[in-house]
Protein chains: 2
Amino acid sequence: MTDRIILTIGLLGGTGNEGQGLAFRWAKAGYHIIIGSRTPEKALRVANELNERLGEDLVEGMGNQEAAELADIIVITVPYSAHAATIESLKDTLKGKVFIDVTVPLVPPNIEVVQMPTAGSAAQEAQEILGEDVSVVAAFQNISHSHLKEEGPVPCDVLVCGDNEAARNQVLELVKAAGLVGWDAGPLQNAVVVEGLTSILLGINKRYKMKNAGIRVTGGQAHE
Amino acid sequence: MTDRIILTIGLLGGTGNEGQGLAFRWAKAGYHIIIGSRTPEKALRVANELNERLGEDLVEGMGNQEAAELADIIVITVPYSAHAATIESLKDTLKGKVFIDVTVPLVPPNIEVVQMPTAGSAAQEAQEILGEDVSVVAAFQNISHSHLKEEGPVPCDVLVCGDNEAARNQVLELVKAAGLVGWDAGPLQNAVVVEGLTSILLGINKRYKMKNAGIRVTGGQAHE
């Protein structure tokens with residue numbers, strides 16, 4: 001038995017496609033998963049659906065506040081429009097935790113144009129709100145949820161940015177556990193590139209009539 | 001005979017590794033090449049070396065000012081520290097031309113951290129200086145010069161950003177002519193991602209003991 005078995009990952013706003021995909025993959029890897037939602041009943045329903053698919057009760061559903069309290073590692077998968085407010089409302093609960101920000105600051109209708117918040121990126125905005133007691137790590141922004149919800153390898157690597165190296169390494173472990181290839185992409189300041197890359201990939205999808213453009217880092221050994 | 005034969009590409013600051021690599025590949029593809037330099041003798045020497053390697057006189061060398069006057073398409077491959085001043089000094093000559101900006105605004109010693117100029121990116125800075133009469137297109141920032149100087153395929157795709165679609169398409173043609181795979185990455189505002197990605201790749205080189213980390217866009221057909 002490793003400590004992986006008992007680590008709890010809480011996905012705030014985890015009822016969406018991205019959250020469900022990550023929850024499914026991490027539950028399969030042996031993590032205890034909590035789906036959080038503003039609407040606890042919705043979280044419970046999604047948790048039940050995931051448990052049914054998994055054939056085991058590995059996922060719980062509850063409100064965001066409770067999820068943030070109970071989980072060791074927090075993942076936020078809310079739309080950008082709810083990003084700052086959700087973090088602000090939970091900030092006292094998140095102290096001392098690793099906080100994975102999956103958010104891309106898309107500004108509709110021009111989602112193919114890179115448009116960053118004044119903090120530099122959504123992840124830096126989260127870090128500003130949460131303060132230095134929380135290790136914000138940006139990751140998974142470029143992965144299509146339809147890949148996450150399938151099983152098997154994903155044709156897109158994960159660039160992981162954060163100022164705390166131990167937290168980056170912990171997230172790189174989670175990337176691997178989800179069956180993806182991750183790369184340490186340096187400090188949180190670099191998140192602007194990773195978040196913005198999603199806009200470029202959405203534009204490529206449209207211009208080249210593709211569904212799920214992604215990226216691979218070339219020039220080295222894959223380290224899955 | 002196509003018009004490709006007579007199109008002239010001028011590489012400002014083209015005596016460096018990046019400029020030489022692009023010059024070599026485009027000369028082989030049938031373009032007329034001018035290497036520009038602050039020191040015309042140096043440009044001439046590099047042009048002679050390239051012609052020797054090519055076995056034909058396809059490359060000329062001269063000062064940056066003359067190169068900018070004579071070429072149809074301009075490529076700037078100077079270090080970021082010389083970027084704004086070089087463009088400023090040639091701005092009247094560049095009117096009406098396509099201007100390819102290869103620059104990455106690296107700020108030593110922290111070249112692995114994304115640090116952008118106030119304009120948003122080096123390419124946007126160039127566009128601000130040059131004004132709307134010049135079509136600035138950002139490209140080739142992620143390609144290692146050691147790949148360019150070799151022959152054969154390069155394991156890194158080229159993301160092409162610019163506000164003028166015709167100019168983007170012309171640059172995508174040049175990417176193809178150089179034997180690389182290019183992708184239309186949208187407006188110039190997106191250049192922040194492509195330029196900044198170089199810092200992430202340099203960090204990956206260091207952390208994973210790789211030489212030339214690059215990226216491939218996945219999820220579609222390669223279109224070389």
# chains A, B, ... in the order shown; residues from 1 in each chain; ligands from 1

$ select_by_dssp --residues "stretch 52-178 of chain B" --states "alpha helix (DSSP H)" --output "PyMOL selection string"
chain B and resi 52-54+64-70+80-90+122-130+145-149+165-177

$ interface_residues --of "chain B" --to "chain A" --cutoff "8 Å" --atoms "only C-alpha atoms" --output "MDAnalysis selection string"
chainID B and resid 112:114 155:156 183:187 189:190 192:194 196:197 200:201 203:204 207:208 210:220

$ atom_distance --atom1 "atom CA of A:Ala27" --atom2 "atom CA of A:Asn64"
18.5 Å

$ atom_distance --atom1 "atom CA of A:Gln65" --atom2 "atom CA of A:Lys28"
24.5 Å

$ residues_around --residues "B:Ala166" --least-positions-apart "4" --cutoff "10 Å" --atoms "only C-alpha atoms" --output "ChimeraX atom specification"
/B:98,135,162,170-172

$ atom_distance --atom1 "atom CA of B:Asn48" --atom2 "atom CA of B:Glu60"
7.7 Å

$ select_by_dssp --residues "stretch 121-220 of chain B" --states "strand (DSSP E or B)" --output "ChimeraX atom specification"
/B:135-138,158-162,182-184,214-218

$ closest_residue --among "A:Gly131, A:Gly152, A:Gly36, A:Gly61" --to "A:Thr77" --atoms "only C-alpha atoms"
A:Gly36

$ residues_around --residues "stretch 146-151 of chain A" --least-positions-apart "5" --cutoff "9 Å" --atoms "only C-alpha atoms" --output "MDAnalysis selection string"
chainID A and resid 17:18 20:22 24:25 156 178:179 212

$ write_last_selection --atoms "C-alpha atoms" --output "PDB file, in the first residue's frame"
ATOM      1  CA  ASN A  17     -16.160  17.339 -18.999  1.00  0.00           C
ATOM      2  CA  GLU A  18     -12.594  18.205 -17.990  1.00  0.00           C
ATOM      3  CA  GLN A  20     -14.992  14.150 -15.108  1.00  0.00           C
ATOM      4  CA  GLY A  21     -12.170  13.063 -17.409  1.00  0.00           C
ATOM      5  CA  LEU A  22      -9.487  13.734 -14.809  1.00  0.00           C
ATOM      6  CA  PHE A  24     -12.083   9.009 -14.031  1.00  0.00           C
ATOM      7  CA  ARG A  25      -8.388   8.614 -14.828  1.00  0.00           C
ATOM      8  CA  CYS A 156      -1.061  15.687 -26.213  1.00  0.00           C
ATOM      9  CA  ALA A 178      -3.588   9.899 -15.515  1.00  0.00           C
ATOM     10  CA  GLY A 179      -1.714   8.143 -18.323  1.00  0.00           C
ATOM     11  CA  ASN A 212      -8.497  18.005 -30.919  1.00  0.00           C
TER      12      ASN A 212
END

$ residues_around --residues "A:Asp72" --least-positions-apart "6" --cutoff "8 Å" --atoms "only C-alpha atoms" --output "count of residues only"
6

$ residues_around --residues "A:Gly63" --least-positions-apart "5" --cutoff "7 Å" --atoms "only C-alpha atoms" --output "ChimeraX atom specification"
/A:36-40

$ closest_residue --among "A:Leu90, A:Val75, A:Ala43, A:Ala126" --to "A:Val102" --atoms "only C-alpha atoms"
A:Val75
